[in-house]
Protein chains: 6
Amino acid sequence: MIGRSGIAVRKVRRAEAAAVEQLGKFGVATIHEAMGRVGLLAPYMRPIYPGARLCGTAITALGHPGDNWMLHVAAEMLRPGDVVVMGFSSATEDGMFGDLLATSFRARGGVGLVIDAGVRDTAELAQMKFPVWSKTVNAKGTIKATVGSVNVPVVCAGALVHPGDVIVADDDGVVVVLAAKAAEVAAAAQEREDKEAATRARLKAGELGLDLYGMRDKLKAAGLKYYEDPEDAK
Amino acid sequence: MIGRSGIAVRKVRRAEAAAVEQLGKFGVATIHEAMGRVGLLAPYMRPIYPGARLCGTAITALGHPGDNWMLHVAAEMLRPGDVVVMGFSSATEDGMFGDLLATSFRARGGVGLVIDAGVRDTAELAQMKFPVWSKTVNAKGTIKATVGSVNVPVVCAGALVHPGDVIVADDDGVVVVLAAKAAEVAAAAQEREDKEAATRARLKAGELGLDLYGMRDKLKAAGLKYYEDPEDAK
Amino acid sequence: MIGRSGIAVRKVRRAEAAAVEQLGKFGVATIHEAMGRVGLLAPYMRPIYPGARLCGTAITALGHPGDNWMLHVAAEMLRPGDVVVMGFSSATEDGMFGDLLATSFRARGGVGLVIDAGVRDTAELAQMKFPVWSKTVNAKGTIKATVGSVNVPVVCAGALVHPGDVIVADDDGVVVVLAAKAAEVAAAAQEREDKEAATRARLKAGELGLDLYGMRDKLKAAGLKYYEDPEDAK
Amino acid sequence: MIGRSGIAVRKVRRAEAAAVEQLGKFGVATIHEAMGRVGLLAPYMRPIYPGARLCGTAITALGHPGDNWMLHVAAEMLRPGDVVVMGFSSATEDGMFGDLLATSFRARGGVGLVIDAGVRDTAELAQMKFPVWSKTVNAKGTIKATVGSVNVPVVCAGALVHPGDVIVADDDGVVVVLAAKAAEVAAAAQEREDKEAATRARLKAGELGLDLYGMRDKLKAAGLKYYEDPEDAK
Amino acid sequence: MIGRSGIAVRKVRRAEAAAVEQLGKFGVATIHEAMGRVGLLAPYMRPIYPGARLCGTAITALGHPGDNWMLHVAAEMLRPGDVVVMGFSSATEDGMFGDLLATSFRARGGVGLVIDAGVRDTAELAQMKFPVWSKTVNAKGTIKATVGSVNVPVVCAGALVHPGDVIVADDDGVVVVLAAKAAEVAAAAQEREDKEAATRARLKAGELGLDLYGMRDKLKAAGLKYYEDPEDAK
Amino acid sequence: MIGRSGIAVRKVRRAEAAAVEQLGKFGVATIHEAMGRVGLLAPYMRPIYPGARLCGTAITALGHPGDNWMLHVAAEMLRPGDVVVMGFSSATEDGMFGDLLATSFRARGGVGLVIDAGVRDTAELAQMKFPVWSKTVNAKGTIKATVGSVNVPVVCAGALVHPGDVIVADDDGVVVVLAAKAAEVAAAAQEREDKEAATRARLKAGELGLDLYGMRDKLKAAGLKYYEDPEDAK
């Protein structure tokens with residue numbers, strides 16, 4: 001069903017609310033690590049204002065270049081806590097989304113947007129604190145001429161997103177968590193965060209990662225040689 | 001006269017002051033829509049600080065890569081409310097403009113700069129609240145060796161700009177309005193803004209764009225089918 | 001020794017402390033001009049938060065794509081006032097550095113990082129006021145599998161950096177000053193800044209660069225012709 | 001299973017041989033149109049020599065930046081007529097593949113490679129007529145340190161590819177056809193090609209698309225106005 | 001009229017046939033130099049096969065992203081020796097043109113295409129020897145939904161092109177010559193070529209540009225110092 | 001001396017002729033591997049025609065954006081077998097080199113050019129079989145106004161090149177070998193090539209890299225699990 005146009009699906013198997021709430025406590029880097037270093041969208045996806053943050057369940061949209069029609073279809077599917085994730089059939093940089101659609105999304109419970117295209121009215125969106133991650137900022141308007149799909153799996157910025165998956169985004173980028181794995185990932189992220197807190201305290205006290213992580217022998221085995229003086233290394 | 005070097009023209013047919021003042025009330029996206037979705041510079045033109053905004057009449061400059069000489073020639077042409085718009089004969093990313101030139105521009109009444117190249121001293125410019133839209137930020141200095149032109153039509157970031165045209169720029173990008181069309185475009189922008197205010201209120205109340213814009217029949221005609229369950233769509 | 005892997009050198013011939021302190025007073029653009037317009041890293045190196053600034057002596061690291069192991073080796077080499085500068089054997093955009101390593105660097109006296117790759121935990125780093133200049137922001141984690149080098153000359157973002165060189169970075173980019181030239185460059189930068197203060201005052205008073213720099217005759221000689229009216233220039 | 005590392009699956013549900021053979025007769029553009037304009041990989045994927053062409057069933061690999069280990073695991077999975085398609089957990093441009101691996105792939109029946117990274121030994125590969133589509137050409141070598149996966153669904157250049165899907169590639173790019181849809185798409189492509197042959201003959205005779213496709217009324221309805229002279233259009 | 005949609009103009013003031021024929025003898029670099037180093041389109045415009053070459057008069061088209069409708073309107077305007085030049089209201093990379101349209105263009109006397117977007121069927125176009133310069137190669141198909149314009153001035157790849165201007169393109173890129181200047185530019189190009197032939201002979205005989213162009217004194221005046229040994233230069 | 005302008009050094013410590021001749025037998029990928037995977041220029045450096053190849057000793061030039069003056073100074077320094085390598089103080093894409101300079105270089109014994117900028121007259125250069133690796137192809141001409149340096153160490157496309165170093169370039173890119181290491185690297189490259197010949201034969205016979213390189217145990221240790229069926233891997 002990937003990439004097929006003309007389909008709008010109403011029923012979404014959203015991740016469990018408790019797991020979504022849990023995931024909202026962690027940063028994107030932590031969650032991506034907790035999943036085994038997968039699930040990131042391409043790093044060209046940037047927030048429109050510093051400090052933007054979101055965690056919600058995905059309503060997906062598939063659009064065509066220069067055409068934002070499907071965002072209106074997606075608006076009707078929104079439930080409180082949902083995030084719209086939009087991919088495209090071909091690369092586009094037009095400004096697909098602005099403050100009017102943000103007003104509509106928020107009125108329906110939408111908490112943000114992740115879009116592999118441009119966005120506009122960014123000053124107004126920042127003022128509204130409506131978080132958006134996009135490929136670019138662009139005032140260029142769009143048309144409503146070609147039908148795409150809503151709530152089918154989409155590829156957005158190189159990552160596969162299913163309707164109902166959990167989307168977490170912050171200054172570091174955007175990560176997607178499979179709905180069925182949300183609780184498991186939240187637990188792994190918590191575990192990682194606990195471990196990091198202990199590590200942080202030791203590093204702050206001046207201990208070196210070389211010792212803390214036991215790297216000295218491995219570095220030697222891998223061929224690193226220490227020299228007191230640059231002349232010795234020639 | 002496009003692209004010819006060695007010409008400096010003193011007389012500029014600026015857009016009417018009243019129309020420029022009117023245009024200053026609208027965002028770039030609104031003005032671009034009011035003109036029928038044209039007039040935007042390429043979206044790689046970004047403000048050097050968030051919230052930067054300008055509206056003024058264009059003094060144009062045509063330069064050569066790595067050479068900012070024509071900005072000094074342009075400084076003399078400035079009248080209060082003018083914006084310098086600089087294009088180049090070939091792509092360049094050097095830092096053409098800094099706080100000294102900004103001081104000079106402001107002293108002559110200049111209100112900002114739009115340049116298809118790099119800019120530097122951005123911390124000082126942000127502190128001065130001197131707005132600049134540029135292709136990049138770059139400390140690289142420039143020479144003054146080759147003559148370009150001032151106040152000839154120039155292509156800047158893919159858009160044609162004539163001396164005296166109105167330039168409006170904000171977080172969403174930069175738009176150019178033909179001097180002769182300024183009043184007409186300002187009126188169309190006002191009309192659009194009035195209409196959007198009403199739409200915003202209805203969307204805020206939870207009404208959907210699907211109903212408000214009467215899209216449901218068009219979507220059906222264009223081939224969109226609704227399914228209650230993803231299984232039905234396979 | 002450029003680019004050779006497997007070497008970690010402990011002794012660094014750092015620039016003199018007095019000269020480093022002097023250089024810390026100037027912007028990147030000023031220092032680059034004072035050196036005769038050289039020493040800049042490529043302009044794609046951007047600070048992770050606006051207003052970030054650093055001046056320190058370089059601890060250099062050479063790494064491989066997707067591998068941040070050498071940052072741990074570099075941590076041990078840090079003395080108060082040092083900056084880590086990391087180049088790579090091939091282009092990479094992964095998130096090599098986050099708040100744990102920043103905590104470790106700061107505990108050892110490190111004052112910042114310049115890295116030709118990605119960085120993550122940027123919200124935390126901004127909160128810590130730990131300045132980083134990088135190619136991109138990216139949550140993608142890295143491995144520790146391949147040995148590079150520490151404190152050998154490296155090419156970072158197109159510039160050659162030796163251990164002990166002075167690194168100055170601000171909103172405009174990053175510049176490197178040879179350790180042996182630090183005092184000389186600081187003096188030249190001071191001279192330039194003094195001269196600019198006088199120029200700034202005159203420009204602020206409305207004097208034109210055309211007169212102040214004596215450009216009118218040179219422009220004429222170089223072929224610039226003035227026309228009162230655009231029609232005359234056709 | 002998207003993006004999970006550490007999995008190598010032996011059984012692949014390949015598209016039917018007859019359908020694959022049929023698809024091999026059509027160009028990438030035709031197949032993509034026959035599927036409703038979907039299935040293309042991003043256009044940065046280019047053949048390493050002009051005239052390269054392939055059609056085969058996908059063996060998929062998921063790798064990590066700078067690491068080509070999984071190509072060796074993929075080699076064992078190859079059956080005659082297979083194409084290796086490799087995606088990565090993060091963007092990479094290193095040279096993952098050269099003439100040794102091509103020799104191995106060919107010995108096992110492999111007919112080509114589609115890789116979202118760099119490739120090297122391109123002169124030898126061109127001489128061998130071993131077709132490769134890649135993001136770049138790069139002599140940079142890789143390591144074999146981190147485990148990815150083989151024969152799991154992967155995202156390659158923005159498209160989702162399952163093991164066994166049909167891959168067709170030519171000078172215009174790369175398209176993926178779901179294994180289960182191969183016969184249906186081949187039939188639709190044939191139909192399109194038949195229709196185009198008739199159209200081509202009429203266009204060659206000088207008939208216009210405006211008439212042949214009945215566009216004149218639609219253009220008028222959409223607002224296009226004809227003017228005899230540019231002056232009339234002002 | 002720049003950028004306005006909905007206009008199709010039939011009458012084109014083409015450059016004189018004799019001047020066009022003359023210009024066809026020169027390379028793009030020579031013509032651009034003969035005009036004073038202006039008139040080039042951005043260097044991302046590349047021919048779809050090596051050795052492609054064209055010289056003709058422009059039929060211009062302005063389109064919208066993902067929409068190639070105006071190419072059909074342009075086809076009707078073609079006279080023998082014409083070249084279609086297409087710009088867009090916003091950046092697009094879709095495959096706007098293929099072998100069917102090339103067949104139609106050729107049947108009407110068209111000699112090539114310059115398009116600030118993608119092109120497809122490149123193998124067929126190369127076989128037909130139908131020359132195209134484009135931003136990219138892309139199999140992605142387009143729609144016919146939004147009206148643009150034909151034979152209005154357009155900005156294509158950063159250059160302004162009027163209907164009837166002369167377009168010359170080769171392996172080095174694309175240059176536009178104002179219709180009214182065609183004869184004058186052809187004469188200047190011939191003069192330049194004559195001069196270069198003499199220079200080439202002297203350089204071939206081993207004479208140095210330093211002497212031939214009298215550069216030695218200028219280099220000295222500009223500050224170049226010669227050293228016999230690298231040690232002396234430290 | 002890196003990056004200092006105004007220096008032209010006549011004496012070059014070239015690598016030994018025998019070692020240069022040896023290195024000319026190997027591809028860029030092989031030499032880069034033989035040196036421990038270092039020495040490559042950035043992969044954006046591409047040959048202007050397929051099959052271009054060169055091996056020679058470097059005459060280095062440091063230039064400024066839009067200015068090719070130093071290529072004339074470099075021409076005088078050429079001895080038979082030399083290659084000019086040009087870096088720039090700031091990024092530039094102008095066409096710095098064409099068939100006249102190639103004629104001059106060849107007359108003096110020059111065998112090619114590696115330049116971190118644009119090049120033009122590419123059709124003529126291909127016909128002359130004068131090999132050039134560049135960042136882009138661009139007809140844009142340059143000026144001769146600012147003095148750079150010749151035969152100082154330069155950074156070209158991210159790699160440090162000293163006068164006299166060996167430059168090898170082919171379809172895969174460009175690699176630099178330190179003059180003092182040329183013989184040693186040539187020997188290591190020969191060894192690698194001998195070993196690869198044996199490996200190639202075994203791979204051609206159908207043996208797998210998994211067995212030939214003994215990877216199976218390492219893959220298992222690194223966590224790769226084999227599944228007969230995709231269902232088992234869920």
# chains A, B, ... in the order shown; residues from 1 in each chain; ligands from 1

call {"tool": "select_by_dssp", "arguments": {"residues": "stretch 35-118 of chain E", "states": "helix (DSSP H, G or I)", "output": "count of residues only"}}
result
18

call {"tool": "interface_residues", "arguments": {"of": "chain E", "to": "chain A", "cutoff": "8 Å", "atoms": "only C-alpha atoms", "output": "JSON, numbers by chain"}}
result
{"E": [65, 66, 90, 91, 92, 93, 94, 140, 145]}

call {"tool": "residues_around", "arguments": {"residues": "B:Leu101", "least_positions_apart": "6", "cutoff": "10 Å", "atoms": "only C-alpha atoms", "output": "number ranges by chain"}}
result
B: 71-72, 75, 107; C: 200, 203-204, 208-209

call {"tool": "write_last_selection", "arguments": {"atoms": "all heavy atoms", "output": "tab-separated table (two decimals), in the first residue's frame"}}
result
chain	number	residue	atom	x	y	z
B	71	LEU	N	28.84	47.70	-3.43
B	71	LEU	CA	28.05	48.09	-2.26
B	71	LEU	C	28.39	49.52	-1.83
B	71	LEU	O	27.53	50.24	-1.31
B	71	LEU	CB	28.28	47.11	-1.11
B	71	LEU	CG	27.62	45.74	-1.30
B	71	LEU	CD1	28.01	44.80	-0.17
B	71	LEU	CD2	26.10	45.87	-1.36
B	72	HIS	N	29.63	49.93	-2.06
B	72	HIS	CA	30.01	51.31	-1.72
B	72	HIS	C	29.37	52.29	-2.70
B	72	HIS	O	28.97	53.39	-2.32
B	72	HIS	CB	31.54	51.45	-1.72
B	72	HIS	CG	32.16	50.75	-0.56
B	72	HIS	ND1	32.26	51.31	0.69
B	72	HIS	CD2	32.70	49.52	-0.44
B	72	HIS	CE1	32.83	50.46	1.52
B	72	HIS	NE2	33.12	49.36	0.86
B	75	ALA	N	25.77	52.63	-1.69
B	75	ALA	CA	25.53	53.42	-0.46
B	75	ALA	C	25.16	54.86	-0.79
B	75	ALA	O	24.26	55.45	-0.16
B	75	ALA	CB	26.76	53.37	0.45
B	107	ALA	N	23.18	55.16	8.11
B	107	ALA	CA	23.38	56.61	8.17
B	107	ALA	C	22.76	57.31	6.96
B	107	ALA	O	22.39	58.49	7.03
B	107	ALA	CB	24.88	56.91	8.24
C	200	ARG	N	34.22	53.70	11.56
C	200	ARG	CA	32.82	53.53	11.93
C	200	ARG	C	32.18	54.87	12.31
C	200	ARG	O	31.06	55.18	11.91
C	200	ARG	CB	32.69	52.53	13.08
C	200	ARG	CG	31.26	52.08	13.37
C	200	ARG	CD	31.18	51.01	14.45
C	200	ARG	NE	31.76	49.76	13.98
C	200	ARG	CZ	32.91	49.24	14.40
C	200	ARG	NH1	33.64	49.87	15.31
C	200	ARG	NH2	33.35	48.10	13.91
C	203	LEU	N	31.56	56.89	9.14
C	203	LEU	CA	30.44	56.35	8.36
C	203	LEU	C	29.11	56.66	9.05
C	203	LEU	O	28.11	56.97	8.40
C	203	LEU	CB	30.59	54.84	8.17
C	203	LEU	CG	31.76	54.38	7.30
C	203	LEU	CD1	31.92	52.86	7.38
C	203	LEU	CD2	31.57	54.79	5.83
C	204	LYS	N	29.12	56.58	10.38
C	204	LYS	CA	27.90	56.84	11.16
C	204	LYS	C	27.45	58.28	10.95
C	204	LYS	O	26.26	58.59	10.97
C	204	LYS	CB	28.18	56.58	12.64
C	204	LYS	CG	26.93	56.29	13.44
C	204	LYS	CD	27.27	55.71	14.79
C	204	LYS	CE	26.01	55.33	15.55
C	204	LYS	NZ	26.35	54.64	16.80
C	208	LEU	N	30.66	58.92	3.10
C	208	LEU	CA	30.56	57.73	2.25
C	208	LEU	C	31.91	57.01	2.14
C	208	LEU	O	32.97	57.66	2.09
C	208	LEU	CB	30.10	58.12	0.85
C	208	LEU	CG	28.62	58.45	0.73
C	208	LEU	CD1	28.34	59.11	-0.61
C	208	LEU	CD2	27.78	57.17	0.86
C	209	GLY	N	31.85	55.69	2.03
C	209	GLY	CA	33.07	54.92	1.78
C	209	GLY	C	33.76	55.38	0.50
C	209	GLY	O	34.99	55.35	0.40

call {"tool": "atom_distance", "arguments": {"atom1": "atom CA of F:Val174", "atom2": "atom CA of F:Ala159"}}
result
9.9 Å

call {"tool": "residues_around", "arguments": {"residues": "B:Arg79", "least_positions_apart": "4", "cutoff": "9 Å", "atoms": "only C-alpha atoms", "output": "JSON, numbers by chain"}}
result
{"B": [108, 109, 110]}

call {"tool": "write_last_selection", "arguments": {"atoms": "C-alpha atoms", "output": "PDB file, in the first residue's frame"}}
result
ATOM      1  CA  ARG B 108      22.089  57.165   4.626  1.00  0.00           C
ATOM      2  CA  GLY B 109      18.599  55.889   5.405  1.00  0.00           C
ATOM      3  CA  GLY B 110      19.019  52.281   4.262  1.00  0.00           C
TER       4      GLY B 110
END

call {"tool": "select_by_dssp", "arguments": {"residues": "stretch 21-124 of chain E", "states": "strand (DSSP E or B)", "output": "tab-separated table (two decimals) with N, CA and C atoms, in the first residue's frame"}}
result
chain	number	residue	atom	x	y	z
E	40	LEU	N	25.32	33.78	-18.68
E	40	LEU	CA	25.34	32.33	-18.43
E	40	LEU	C	24.19	31.89	-17.52
E	46	ARG	N	23.16	20.88	-17.07
E	46	ARG	CA	24.09	19.99	-17.77
E	46	ARG	C	23.43	19.31	-18.97
E	47	PRO	N	24.21	19.03	-20.01
E	47	PRO	CA	23.65	18.30	-21.16
E	47	PRO	C	23.39	16.85	-20.78
E	54	LEU	N	23.76	23.10	-29.18
E	54	LEU	CA	22.65	23.70	-29.90
E	54	LEU	C	22.83	25.20	-29.98
E	55	CYS	N	22.18	25.78	-30.99
E	55	CYS	CA	22.09	27.22	-31.14
E	55	CYS	C	20.75	27.50	-31.80
E	56	GLY	N	19.90	28.31	-31.13
E	56	GLY	CA	18.59	28.59	-31.70
E	56	GLY	C	17.94	29.76	-31.00
E	57	THR	N	16.72	30.07	-31.41
E	57	THR	CA	15.98	31.20	-30.83
E	57	THR	C	14.96	30.68	-29.83
E	58	ALA	N	14.79	31.45	-28.74
E	58	ALA	CA	14.03	30.95	-27.60
E	58	ALA	C	12.52	31.10	-27.74
E	59	ILE	N	11.83	30.01	-27.51
E	59	ILE	CA	10.41	30.02	-27.15
E	59	ILE	C	10.43	29.79	-25.65
E	60	THR	N	9.87	30.72	-24.87
E	60	THR	CA	9.98	30.58	-23.42
E	60	THR	C	8.70	30.00	-22.82
E	61	ALA	N	8.87	29.28	-21.70
E	61	ALA	CA	7.72	28.75	-20.98
E	61	ALA	C	7.95	28.93	-19.50
E	62	LEU	N	6.88	29.27	-18.80
E	62	LEU	CA	6.93	29.40	-17.34
E	62	LEU	C	5.99	28.34	-16.78
E	63	GLY	N	6.50	27.45	-15.96
E	63	GLY	CA	5.67	26.38	-15.44
E	63	GLY	C	5.62	26.37	-13.92
E	67	ASP	N	4.46	20.08	-13.01
E	67	ASP	CA	3.44	20.30	-14.05
E	67	ASP	C	4.13	20.70	-15.36
E	82	ASP	N	13.94	26.91	-33.47
E	82	ASP	CA	13.62	27.37	-32.12
E	82	ASP	C	14.07	26.37	-31.04
E	83	VAL	N	14.31	26.91	-29.87
E	83	VAL	CA	14.68	26.15	-28.68
E	83	VAL	C	13.68	26.50	-27.58
E	84	VAL	N	13.14	25.53	-26.89
E	84	VAL	CA	12.26	25.85	-25.76
E	84	VAL	C	13.11	26.05	-24.51
E	85	VAL	N	12.85	27.15	-23.79
E	85	VAL	CA	13.52	27.44	-22.52
E	85	VAL	C	12.45	27.52	-21.46
E	86	MET	N	12.52	26.66	-20.45
E	86	MET	CA	11.46	26.63	-19.44
E	86	MET	C	12.00	26.91	-18.04
E	87	GLY	N	11.38	27.94	-17.40
E	87	GLY	CA	11.65	28.24	-16.00
E	87	GLY	C	10.43	27.90	-15.17
E	88	PHE	N	10.59	27.94	-13.84
E	88	PHE	CA	9.50	27.52	-12.97
E	88	PHE	C	9.27	28.51	-11.84
E	95	GLY	N	10.57	14.90	-13.85
E	95	GLY	CA	10.93	14.62	-15.24
E	95	GLY	C	9.87	15.18	-16.19
E	112	GLY	N	15.91	21.82	-29.69
E	112	GLY	CA	16.44	21.44	-28.38
E	112	GLY	C	15.62	22.04	-27.25
E	113	LEU	N	16.04	21.73	-26.02
E	113	LEU	CA	15.33	22.17	-24.82
E	113	LEU	C	16.34	22.54	-23.74
E	114	VAL	N	16.01	23.64	-23.03
E	114	VAL	CA	16.77	24.05	-21.84
E	114	VAL	C	15.74	24.19	-20.74
E	115	ILE	N	15.83	23.36	-19.69
E	115	ILE	CA	14.75	23.31	-18.70
E	115	ILE	C	15.31	23.24	-17.28
E	116	ASP	N	14.80	24.11	-16.43
E	116	ASP	CA	15.27	24.21	-15.04
E	116	ASP	C	14.53	23.19	-14.16
E	117	ALA	N	14.62	21.93	-14.59
E	117	ALA	CA	13.90	20.85	-13.91
E	117	ALA	C	14.54	19.53	-14.37
E	118	GLY	N	13.81	18.42	-14.20
E	118	GLY	CA	14.32	17.13	-14.63
E	118	GLY	C	13.85	16.77	-16.03
E	119	VAL	N	14.48	15.75	-16.60
E	119	VAL	CA	14.12	15.24	-17.92
E	119	VAL	C	14.23	13.72	-17.85

call {"tool": "residues_around", "arguments": {"residues": "stretch 216-219 of chain C", "least_positions_apart": "4", "cutoff": "9 Å", "atoms": "only C-alpha atoms", "output": "VMD selection string"}}
result
(chain B and resid 69 145 to 147) or (chain C and resid 210 to 211 223 to 225)

call {"tool": "write_last_selection", "arguments": {"atoms": "C-alpha atoms", "output": "short mmCIF file (atom, residue, chain, number, x, y, z; two decimals), in the first residue's frame"}}
result
data_model
loop_
_atom_site.label_atom_id
_atom_site.label_comp_id
_atom_site.auth_asym_id
_atom_site.auth_seq_id
_atom_site.Cartn_x
_atom_site.Cartn_y
_atom_site.Cartn_z
CA TRP B 69 32.97 47.17 -4.46
CA ALA B 145 38.84 45.14 -8.03
CA THR B 146 36.13 44.68 -10.65
CA VAL B 147 33.41 47.08 -11.59
CA LEU C 210 33.54 56.29 -1.76
CA ASP C 211 35.17 59.39 -0.25
CA GLY C 223 35.30 51.81 -16.18
CA LEU C 224 32.29 52.73 -14.06
CA LYS C 225 30.11 55.38 -15.71
#

call {"tool": "residues_around", "arguments": {"residues": "D:Ala186", "least_positions_apart": "3", "cutoff": "12 Å", "atoms": "only C-alpha atoms", "output": "VMD selection string"}}
result
chain D and resid 15 to 28 30 to 35 166 168 177 to 183 189 to 193

call {"tool": "residues_around", "arguments": {"residues": "E:Pro43", "least_positions_apart": "5", "cutoff": "8 Å", "atoms": "only C-alpha atoms", "output": "list in words"}}
result
Gly173 of chain E; Thr136, Val137, Asn138 and Ala139 of chain F

call {"tool": "write_last_selection", "arguments": {"atoms": "N, CA, C and O atoms", "output": "PDB file, in the first residue's frame"}}
result
ATOM      1  N   GLY E 173      27.944  24.484 -20.779  1.00  0.00           N
ATOM      2  CA  GLY E 173      26.784  25.106 -20.182  1.00  0.00           C
ATOM      3  C   GLY E 173      25.897  25.792 -21.195  1.00  0.00           C
ATOM      4  O   GLY E 173      25.878  25.405 -22.368  1.00  0.00           O
TER       5      GLY E 173
ATOM      6  N   THR F 136      33.485  21.372 -10.752  1.00  0.00           N
ATOM      7  CA  THR F 136      32.337  21.546 -11.632  1.00  0.00           C
ATOM      8  C   THR F 136      32.826  21.952 -13.022  1.00  0.00           C
ATOM      9  O   THR F 136      34.010  22.218 -13.221  1.00  0.00           O
ATOM     10  N   VAL F 137      31.912  21.966 -13.967  1.00  0.00           N
ATOM     11  CA  VAL F 137      32.178  22.511 -15.298  1.00  0.00           C
ATOM     12  C   VAL F 137      31.411  23.825 -15.379  1.00  0.00           C
ATOM     13  O   VAL F 137      30.242  23.872 -14.998  1.00  0.00           O
ATOM     14  N   ASN F 138      32.057  24.879 -15.832  1.00  0.00           N
ATOM     15  CA  ASN F 138      31.432  26.195 -15.798  1.00  0.00           C
ATOM     16  C   ASN F 138      32.107  27.099 -16.822  1.00  0.00           C
ATOM     17  O   ASN F 138      33.316  27.296 -16.797  1.00  0.00           O
ATOM     18  N   ALA F 139      31.310  27.673 -17.710  1.00  0.00           N
ATOM     19  CA  ALA F 139      31.872  28.543 -18.747  1.00  0.00           C
ATOM     20  C   ALA F 139      32.308  29.902 -18.202  1.00  0.00           C
ATOM     21  O   ALA F 139      33.010  30.647 -18.885  1.00  0.00           O
TER      22      ALA F 139
END

call {"tool": "atom_distance", "arguments": {"atom1": "atom CA of C:Val38", "atom2": "atom CA of F:Leu160"}}
result
15.2 Å

call {"tool": "atom_distance", "arguments": {"atom1": "atom CA of E:Ala198", "atom2": "atom CA of F:Glu124"}}
result
16.7 Å
